[in-house]
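In what follows, a single structure is set out as structure tokens and then discussed.
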Amino acid sequence: MTELLTALDTAPHQTADQTLADSWLLGFDTETTGIAPGRDAICSATLVLRDPARGYEADVVGEWLINPHQPIAPAASRVNGFTDAFLQEHGGEPTELLEQIANVIATAQNHGIPLLAYNAPFDVHMLEGDLARWGLTPLNDRLHGELTVVDPLVIDREISHRKGRRTLTDTTFYYGVEPHGDFHDATADTIAAVDLIAPITRLYPQTGRITLGELMDWQRDAYRRWQDSFNQWLTSKGRAPSTDSWFA
């Protein structure tokens, strides 16, 4: 955490007119005991600070392994490889480590550096749920303004109308991003998600020109358009429509 905070001290204070293509980013990914924020918990997390002018080789990485003090679901264990015994033996205490994670995110946000996560509501809501569980200060209460998030999944759905799955693995393959490590490892997934921004903004220059001040509303509108289309498909199959929102 110290290295990340030191790097953030020397990072620029970005303003609302900073464009996405040239923005510093703080990547974020979690591995969890399950998929329900507020009920399940984070057991591993990574933050990656990316200077767009220097790229991957200059990334500053923070990694956390957390004892969630609750069982990991078998399905989650099969995906991320963690077991209850391993987390109990090697994981740190959540009150200390979650505070560190939230502190780094808030420091970046207050420098105008967005938080980037693939399917961002999941990771952010997991963090919010854990902060509440352990009586820690909510993320929004640590910020000078609105949380600013970059979600490559939302951006990709808006600009690339290809067919097929859009998991992180599928999307990085589509954009020619080579992973640094194995997927479903928080660090490898975080770096892969951050790596997507360069090819996306190069192939679709209109996305690179989005400013940080425009970014949240642009993604909300993009999510609503995707959801409307998805709900039409669900309804055609006799299924209930999605009512989820994207950082409303």
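Naming scheme: A, B, ... for chains in displayed order of the structure tokens; residues 1 onward per chain; ligands 1 onward as shown.
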
Residues of region 14-64 of chain A at most 9 Å from region 91-95 of chain A: nearest atom pair and distance in Å, only C-alpha atoms, as a Markdown table:
| residue | atom | partner | partner_atom | distance |
| --- | --- | --- | --- | --- |
| A:Ile42 | CA | A:Pro94 | CA | 8.7 |
| A:Cys43 | CA | A:Gly91 | CA | 7.7 |
| A:Ser44 | CA | A:Gly91 | CA | 8.6 |
| A:Trp64 | CA | A:Gly92 | CA | 8.0 |

Can you pull out the residues contacting region 213-229 of chain A? Cut-off 8 Å, using only C-alpha atoms, and skip same-chain residues under 2 positions away; I want them as a list in words.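 Selected residues are Thr15, Ala16, Asp17, Gln18, Thr148, Val149, Val150, Asp151, Val154, Ile155, Arg157, Glu158, Ile210, Thr211, Asn231, Gln232, Trp233, Ser242, Ser245, Trp246, Phe247 and Ala248 of chain A.
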
Can you pull out the residues contacting Thr172 (chain A)? Cut-off 12 Å, using only C-alpha atoms, and skip same-chain residues under 3 positions away; I want them as a PyMOL selection string. chain A and resi 118+152-153+156+165-169+175-180+183+188-200

Only N, CA and C atoms, please: the residues just picked out, written as a PDB file, in the first residue's frame.
ATOM      1  N   TYR A 118     -13.551  -4.275 -14.558  1.00  0.00           N
ATOM      2  CA  TYR A 118     -14.389  -4.941 -15.556  1.00  0.00           C
ATOM      3  C   TYR A 118     -15.642  -5.448 -14.858  1.00  0.00           C
ATOM      4  N   PRO A 152     -14.689  -1.208 -18.663  1.00  0.00           N
ATOM      5  CA  PRO A 152     -14.475  -1.630 -20.051  1.00  0.00           C
ATOM      6  C   PRO A 152     -15.595  -2.494 -20.606  1.00  0.00           C
ATOM      7  N   LEU A 153     -16.303  -3.229 -19.747  1.00  0.00           N
ATOM      8  CA  LEU A 153     -17.416  -4.033 -20.237  1.00  0.00           C
ATOM      9  C   LEU A 153     -18.516  -3.146 -20.798  1.00  0.00           C
ATOM     10  N   ASP A 156     -17.256  -1.501 -24.055  1.00  0.00           N
ATOM     11  CA  ASP A 156     -17.181  -2.449 -25.166  1.00  0.00           C
ATOM     12  C   ASP A 156     -18.563  -2.788 -25.711  1.00  0.00           C
ATOM     13  N   ARG A 165     -19.864 -14.169 -26.202  1.00  0.00           N
ATOM     14  CA  ARG A 165     -19.657 -13.853 -24.795  1.00  0.00           C
ATOM     15  C   ARG A 165     -18.724 -12.655 -24.632  1.00  0.00           C
ATOM     16  N   ARG A 166     -18.875 -11.992 -23.496  1.00  0.00           N
ATOM     17  CA  ARG A 166     -18.034 -10.820 -23.214  1.00  0.00           C
ATOM     18  C   ARG A 166     -17.409 -10.940 -21.826  1.00  0.00           C
ATOM     19  N   THR A 167     -16.943 -12.133 -21.498  1.00  0.00           N
ATOM     20  CA  THR A 167     -16.142 -12.255 -20.286  1.00  0.00           C
ATOM     21  C   THR A 167     -14.844 -11.478 -20.492  1.00  0.00           C
ATOM     22  N   LEU A 168     -14.128 -11.252 -19.402  1.00  0.00           N
ATOM     23  CA  LEU A 168     -12.834 -10.574 -19.526  1.00  0.00           C
ATOM     24  C   LEU A 168     -11.913 -11.346 -20.461  1.00  0.00           C
ATOM     25  N   THR A 169     -11.908 -12.668 -20.362  1.00  0.00           N
ATOM     26  CA  THR A 169     -11.074 -13.491 -21.236  1.00  0.00           C
ATOM     27  C   THR A 169     -11.439 -13.268 -22.695  1.00  0.00           C
ATOM     28  N   TYR A 175      -9.543  -7.893 -28.393  1.00  0.00           N
ATOM     29  CA  TYR A 175      -8.728  -6.694 -28.592  1.00  0.00           C
ATOM     30  C   TYR A 175      -7.225  -6.988 -28.674  1.00  0.00           C
ATOM     31  N   GLY A 176      -6.865  -8.253 -28.664  1.00  0.00           N
ATOM     32  CA  GLY A 176      -5.464  -8.611 -28.820  1.00  0.00           C
ATOM     33  C   GLY A 176      -4.604  -8.351 -27.598  1.00  0.00           C
ATOM     34  N   VAL A 177      -5.223  -8.332 -26.412  1.00  0.00           N
ATOM     35  CA  VAL A 177      -4.475  -8.109 -25.170  1.00  0.00           C
ATOM     36  C   VAL A 177      -3.919  -9.432 -24.669  1.00  0.00           C
ATOM     37  N   GLU A 178      -2.615  -9.488 -24.459  1.00  0.00           N
ATOM     38  CA  GLU A 178      -1.974 -10.682 -23.927  1.00  0.00           C
ATOM     39  C   GLU A 178      -1.982 -10.622 -22.398  1.00  0.00           C
ATOM     40  N   PRO A 179      -2.530 -11.634 -21.730  1.00  0.00           N
ATOM     41  CA  PRO A 179      -2.601 -11.584 -20.265  1.00  0.00           C
ATOM     42  C   PRO A 179      -1.223 -11.738 -19.619  1.00  0.00           C
ATOM     43  N   HIS A 180      -1.069 -11.110 -18.484  1.00  0.00           N
ATOM     44  CA  HIS A 180       0.132 -11.258 -17.663  1.00  0.00           C
ATOM     45  C   HIS A 180      -0.233 -12.164 -16.491  1.00  0.00           C
ATOM     46  N   PHE A 183      -5.984 -15.960 -15.830  1.00  0.00           N
ATOM     47  CA  PHE A 183      -7.248 -15.324 -15.479  1.00  0.00           C
ATOM     48  C   PHE A 183      -7.819 -15.945 -14.205  1.00  0.00           C
ATOM     49  N   ALA A 188      -3.702 -10.585 -12.333  1.00  0.00           N
ATOM     50  CA  ALA A 188      -3.743 -10.781 -13.783  1.00  0.00           C
ATOM     51  C   ALA A 188      -4.996 -10.156 -14.382  1.00  0.00           C
ATOM     52  N   ASP A 189      -6.133 -10.325 -13.706  1.00  0.00           N
ATOM     53  CA  ASP A 189      -7.386  -9.767 -14.219  1.00  0.00           C
ATOM     54  C   ASP A 189      -7.369  -8.240 -14.195  1.00  0.00           C
ATOM     55  N   THR A 190      -6.792  -7.671 -13.155  1.00  0.00           N
ATOM     56  CA  THR A 190      -6.742  -6.209 -13.063  1.00  0.00           C
ATOM     57  C   THR A 190      -5.897  -5.636 -14.186  1.00  0.00           C
ATOM     58  N   ILE A 191      -4.717  -6.192 -14.398  1.00  0.00           N
ATOM     59  CA  ILE A 191      -3.828  -5.689 -15.447  1.00  0.00           C
ATOM     60  C   ILE A 191      -4.474  -5.862 -16.815  1.00  0.00           C
ATOM     61  N   ALA A 192      -5.117  -7.000 -17.047  1.00  0.00           N
ATOM     62  CA  ALA A 192      -5.771  -7.230 -18.338  1.00  0.00           C
ATOM     63  C   ALA A 192      -6.866  -6.203 -18.591  1.00  0.00           C
ATOM     64  N   ALA A 193      -7.646  -5.886 -17.557  1.00  0.00           N
ATOM     65  CA  ALA A 193      -8.717  -4.901 -17.715  1.00  0.00           C
ATOM     66  C   ALA A 193      -8.154  -3.521 -18.026  1.00  0.00           C
ATOM     67  N   VAL A 194      -7.084  -3.127 -17.327  1.00  0.00           N
ATOM     68  CA  VAL A 194      -6.452  -1.837 -17.607  1.00  0.00           C
ATOM     69  C   VAL A 194      -5.861  -1.830 -19.013  1.00  0.00           C
ATOM     70  N   ASP A 195      -5.279  -2.941 -19.423  1.00  0.00           N
ATOM     71  CA  ASP A 195      -4.680  -3.040 -20.756  1.00  0.00           C
ATOM     72  C   ASP A 195      -5.694  -2.829 -21.879  1.00  0.00           C
ATOM     73  N   LEU A 196      -6.976  -3.055 -21.605  1.00  0.00           N
ATOM     74  CA  LEU A 196      -7.997  -2.907 -22.648  1.00  0.00           C
ATOM     75  C   LEU A 196      -8.165  -1.474 -23.121  1.00  0.00           C
ATOM     76  N   ILE A 197      -7.884  -0.493 -22.273  1.00  0.00           N
ATOM     77  CA  ILE A 197      -8.203   0.888 -22.626  1.00  0.00           C
ATOM     78  C   ILE A 197      -7.408   1.364 -23.830  1.00  0.00           C
ATOM     79  N   ALA A 198      -6.141   1.007 -23.923  1.00  0.00           N
ATOM     80  CA  ALA A 198      -5.332   1.474 -25.062  1.00  0.00           C
ATOM     81  C   ALA A 198      -5.888   0.985 -26.396  1.00  0.00           C
ATOM     82  N   PRO A 199      -6.149  -0.321 -26.597  1.00  0.00           N
ATOM     83  CA  PRO A 199      -6.699  -0.732 -27.893  1.00  0.00           C
ATOM     84  C   PRO A 199      -8.115  -0.240 -28.137  1.00  0.00           C
ATOM     85  N   ILE A 200      -8.930  -0.146 -27.084  1.00  0.00           N
ATOM     86  CA  ILE A 200     -10.290   0.352 -27.275  1.00  0.00           C
ATOM     87  C   ILE A 200     -10.263   1.796 -27.766  1.00  0.00           C
TER      88      ILE A 200
END

Exercise: Gly208 (chain A) partners within 7 Å, only C-alpha atoms, chain neighbours under 2 positions left out, as number ranges by chain: A: 19-21, 201, 205-206, 210

Output of the above residues as a tab-separated table (two decimals), in the first residue's frame, restricted to C-alpha atoms:
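Wrote it out as result_22.tsv, contents follow:
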chain	number	residue	atom	x	y	z
A	19	THR	CA	-9.63	12.57	-21.78
A	20	LEU	CA	-9.96	8.85	-21.19
A	21	ALA	CA	-7.21	7.97	-23.68
A	201	THR	CA	-9.43	4.05	-27.53
A	205	PRO	CA	-11.17	7.12	-31.11
A	206	GLN	CA	-14.50	8.59	-30.02
A	210	ILE	CA	-14.60	11.17	-23.65

Need to verify the contact set: region 98-109 of chain A, 10 Å, only C-alpha atoms, exclusion of same-chain residues closer than 5 positions in sequence. Can you return it as a compact mmCIF listing (two decimals) with N, CA, C and O atoms, in the first residue's frame?
# COMPACT_ATOMS: atom_id res chain seq x y z
N MET A 1 0.82 -1.20 0.00
CA MET A 1 0.00 0.00 0.00
C MET A 1 0.86 1.25 0.00
O MET A 1 0.54 2.24 -0.66
N THR A 2 1.98 1.21 0.73
CA THR A 2 2.85 2.38 0.83
C THR A 2 3.36 2.81 -0.53
O THR A 2 3.39 4.01 -0.85
N LEU A 4 1.93 2.34 -3.44
CA LEU A 4 0.84 2.96 -4.19
C LEU A 4 0.59 4.39 -3.74
O LEU A 4 0.42 5.30 -4.56
N LEU A 5 0.56 4.61 -2.43
CA LEU A 5 0.31 5.96 -1.92
C LEU A 5 1.45 6.90 -2.29
O LEU A 5 1.21 8.07 -2.61
N ALA A 7 3.32 6.64 -5.00
CA ALA A 7 3.15 6.92 -6.42
C ALA A 7 2.02 7.91 -6.65
O ALA A 7 2.11 8.79 -7.52
N LEU A 8 0.95 7.79 -5.88
CA LEU A 8 -0.17 8.73 -6.03
C LEU A 8 0.22 10.13 -5.61
O LEU A 8 -0.29 11.12 -6.15
N ASP A 9 1.13 10.25 -4.65
CA ASP A 9 1.60 11.58 -4.22
C ASP A 9 2.25 12.34 -5.37
O ASP A 9 2.20 13.58 -5.42
N ALA A 11 1.60 11.60 -8.65
CA ALA A 11 0.74 11.56 -9.84
C ALA A 11 0.06 12.91 -10.04
O ALA A 11 -0.12 13.68 -9.09
N PRO A 12 -0.32 13.21 -11.27
CA PRO A 12 -0.98 14.50 -11.53
C PRO A 12 -2.37 14.55 -10.91
O PRO A 12 -3.04 13.53 -10.76
N HIS A 13 -2.81 15.75 -10.57
CA HIS A 13 -4.19 15.97 -10.18
C HIS A 13 -4.98 16.21 -11.46
O HIS A 13 -4.89 17.27 -12.07
N GLN A 14 -5.75 15.22 -11.87
CA GLN A 14 -6.47 15.31 -13.14
C GLN A 14 -7.77 16.08 -12.96
O GLN A 14 -8.42 16.00 -11.91
N TRP A 24 -4.58 8.78 -16.31
CA TRP A 24 -4.10 7.79 -15.35
C TRP A 24 -5.29 6.97 -14.90
O TRP A 24 -6.43 7.47 -14.87
N LEU A 25 -5.06 5.70 -14.53
CA LEU A 25 -6.12 4.81 -14.11
C LEU A 25 -5.67 4.00 -12.90
O LEU A 25 -4.49 3.67 -12.77
N LEU A 26 -6.63 3.67 -12.04
CA LEU A 26 -6.37 2.75 -10.93
C LEU A 26 -7.24 1.52 -11.15
O LEU A 26 -8.45 1.54 -10.92
N GLY A 27 -6.61 0.44 -11.63
CA GLY A 27 -7.35 -0.79 -11.86
C GLY A 27 -7.68 -1.50 -10.56
O GLY A 27 -6.93 -1.42 -9.58
N PHE A 28 -8.80 -2.22 -10.54
CA PHE A 28 -9.27 -2.89 -9.33
C PHE A 28 -9.95 -4.19 -9.71
O PHE A 28 -10.73 -4.26 -10.65
N ILE A 42 -14.85 -10.26 0.20
CA ILE A 42 -13.61 -10.25 -0.57
C ILE A 42 -12.57 -11.11 0.14
O ILE A 42 -12.38 -10.99 1.35
N ALA A 45 -7.67 -9.08 -3.35
CA ALA A 45 -7.90 -7.85 -4.13
C ALA A 45 -6.57 -7.33 -4.66
O ALA A 45 -5.53 -7.53 -4.03
N THR A 46 -6.66 -6.65 -5.79
CA THR A 46 -5.49 -6.02 -6.40
C THR A 46 -5.86 -4.63 -6.88
O THR A 46 -6.95 -4.43 -7.42
N LEU A 47 -4.95 -3.69 -6.68
CA LEU A 47 -5.04 -2.36 -7.27
C LEU A 47 -3.79 -2.14 -8.12
O LEU A 47 -2.69 -2.47 -7.69
N LEU A 49 -1.95 0.90 -10.43
CA LEU A 49 -1.89 2.28 -10.89
C LEU A 49 -1.15 2.33 -12.21
O LEU A 49 0.00 1.90 -12.31
N GLY A 62 -0.58 -3.14 -5.89
CA GLY A 62 -0.83 -3.52 -4.51
C GLY A 62 -1.70 -4.75 -4.48
O GLY A 62 -2.69 -4.84 -5.21
N GLU A 63 -1.34 -5.73 -3.66
CA GLU A 63 -2.08 -6.98 -3.56
C GLU A 63 -2.44 -7.26 -2.10
O GLU A 63 -1.62 -7.04 -1.21
N TRP A 64 -3.65 -7.77 -1.90
CA TRP A 64 -4.14 -8.08 -0.56
C TRP A 64 -4.77 -9.47 -0.53
O TRP A 64 -5.57 -9.81 -1.41
N ILE A 66 -7.02 -11.70 2.11
CA ILE A 66 -7.85 -11.39 3.27
C ILE A 66 -8.50 -12.66 3.82
O ILE A 66 -9.04 -13.46 3.05
N GLY A 92 -4.91 -11.81 5.85
CA GLY A 92 -4.85 -10.79 6.89
C GLY A 92 -6.23 -10.43 7.40
O GLY A 92 -7.25 -10.85 6.85
N GLU A 93 -6.25 -9.62 8.44
CA GLU A 93 -7.51 -9.22 9.04
C GLU A 93 -8.24 -8.20 8.16
O GLU A 93 -7.64 -7.23 7.69
N PRO A 114 -9.57 7.86 -12.14
CA PRO A 114 -10.72 6.96 -12.06
C PRO A 114 -10.33 5.56 -11.60
O PRO A 114 -9.20 5.11 -11.77
N LEU A 115 -11.33 4.87 -11.04
CA LEU A 115 -11.20 3.47 -10.69
C LEU A 115 -11.69 2.64 -11.87
O LEU A 115 -12.82 2.82 -12.33
N LEU A 127 -16.85 -4.31 -2.20
CA LEU A 127 -16.07 -3.52 -1.26
C LEU A 127 -16.98 -2.74 -0.32
O LEU A 127 -16.75 -2.70 0.90
N GLU A 128 -18.01 -2.13 -0.86
CA GLU A 128 -18.95 -1.38 -0.01
C GLU A 128 -19.60 -2.29 1.03
O GLU A 128 -19.77 -1.90 2.20
N ASP A 130 -18.34 -5.05 2.33
CA ASP A 130 -17.35 -5.41 3.34
C ASP A 130 -17.06 -4.25 4.29
O ASP A 130 -16.88 -4.45 5.50
N LEU A 131 -16.97 -3.05 3.75
CA LEU A 131 -16.74 -1.89 4.62
C LEU A 131 -17.88 -1.75 5.63
O LEU A 131 -17.65 -1.47 6.82
N TRP A 134 -17.79 -4.48 8.49
CA TRP A 134 -16.78 -4.31 9.52
C TRP A 134 -16.79 -2.91 10.16
O TRP A 134 -15.89 -2.54 10.90
N LEU A 136 -16.51 0.09 8.87
CA LEU A 136 -15.52 1.03 8.35
C LEU A 136 -16.21 2.14 7.56
O LEU A 136 -17.34 1.98 7.09
N THR A 137 -15.53 3.26 7.38
CA THR A 137 -16.10 4.41 6.69
C THR A 137 -16.49 4.04 5.26
O THR A 137 -15.67 3.49 4.52
N PRO A 138 -17.73 4.32 4.83
CA PRO A 138 -18.14 4.01 3.46
C PRO A 138 -17.25 4.71 2.44
O PRO A 138 -16.72 5.80 2.70
N LEU A 139 -17.12 4.10 1.28
CA LEU A 139 -16.24 4.65 0.25
C LEU A 139 -16.67 6.05 -0.15
O LEU A 139 -15.83 6.96 -0.25
N ASN A 140 -17.96 6.26 -0.38
CA ASN A 140 -18.42 7.58 -0.83
C ASN A 140 -18.12 8.67 0.19
O ASN A 140 -17.93 9.84 -0.19
N ASP A 141 -18.09 8.32 1.46
CA ASP A 141 -17.82 9.33 2.50
C ASP A 141 -16.36 9.74 2.53
O ASP A 141 -16.00 10.71 3.22
N ARG A 142 -15.51 9.04 1.81
CA ARG A 142 -14.08 9.35 1.76
C ARG A 142 -13.74 10.26 0.57
O ARG A 142 -12.59 10.70 0.45
N LEU A 143 -14.70 10.52 -0.30
CA LEU A 143 -14.44 11.20 -1.56
C LEU A 143 -14.84 12.67 -1.52
O LEU A 143 -15.78 13.05 -0.82
N HIS A 144 -14.16 13.48 -2.33
CA HIS A 144 -14.52 14.89 -2.46
C HIS A 144 -15.70 15.10 -3.39
O HIS A 144 -16.32 16.16 -3.40
N GLY A 145 -16.00 14.10 -4.22
CA GLY A 145 -17.09 14.20 -5.19
C GLY A 145 -17.64 12.83 -5.50
O GLY A 145 -17.50 11.89 -4.71
N GLU A 146 -18.24 12.68 -6.68
CA GLU A 146 -18.82 11.41 -7.10
C GLU A 146 -17.71 10.42 -7.45
O GLU A 146 -16.67 10.78 -8.01
N LEU A 147 -17.94 9.15 -7.11
CA LEU A 147 -17.03 8.10 -7.53
C LEU A 147 -17.00 8.05 -9.05
O LEU A 147 -18.05 7.99 -9.71
N THR A 148 -15.80 8.09 -9.63
CA THR A 148 -15.63 8.02 -11.08
C THR A 148 -15.04 6.67 -11.43
O THR A 148 -13.96 6.30 -10.96
N VAL A 149 -15.76 5.94 -12.28
CA VAL A 149 -15.41 4.56 -12.61
C VAL A 149 -15.27 4.41 -14.12
O VAL A 149 -16.03 5.04 -14.88
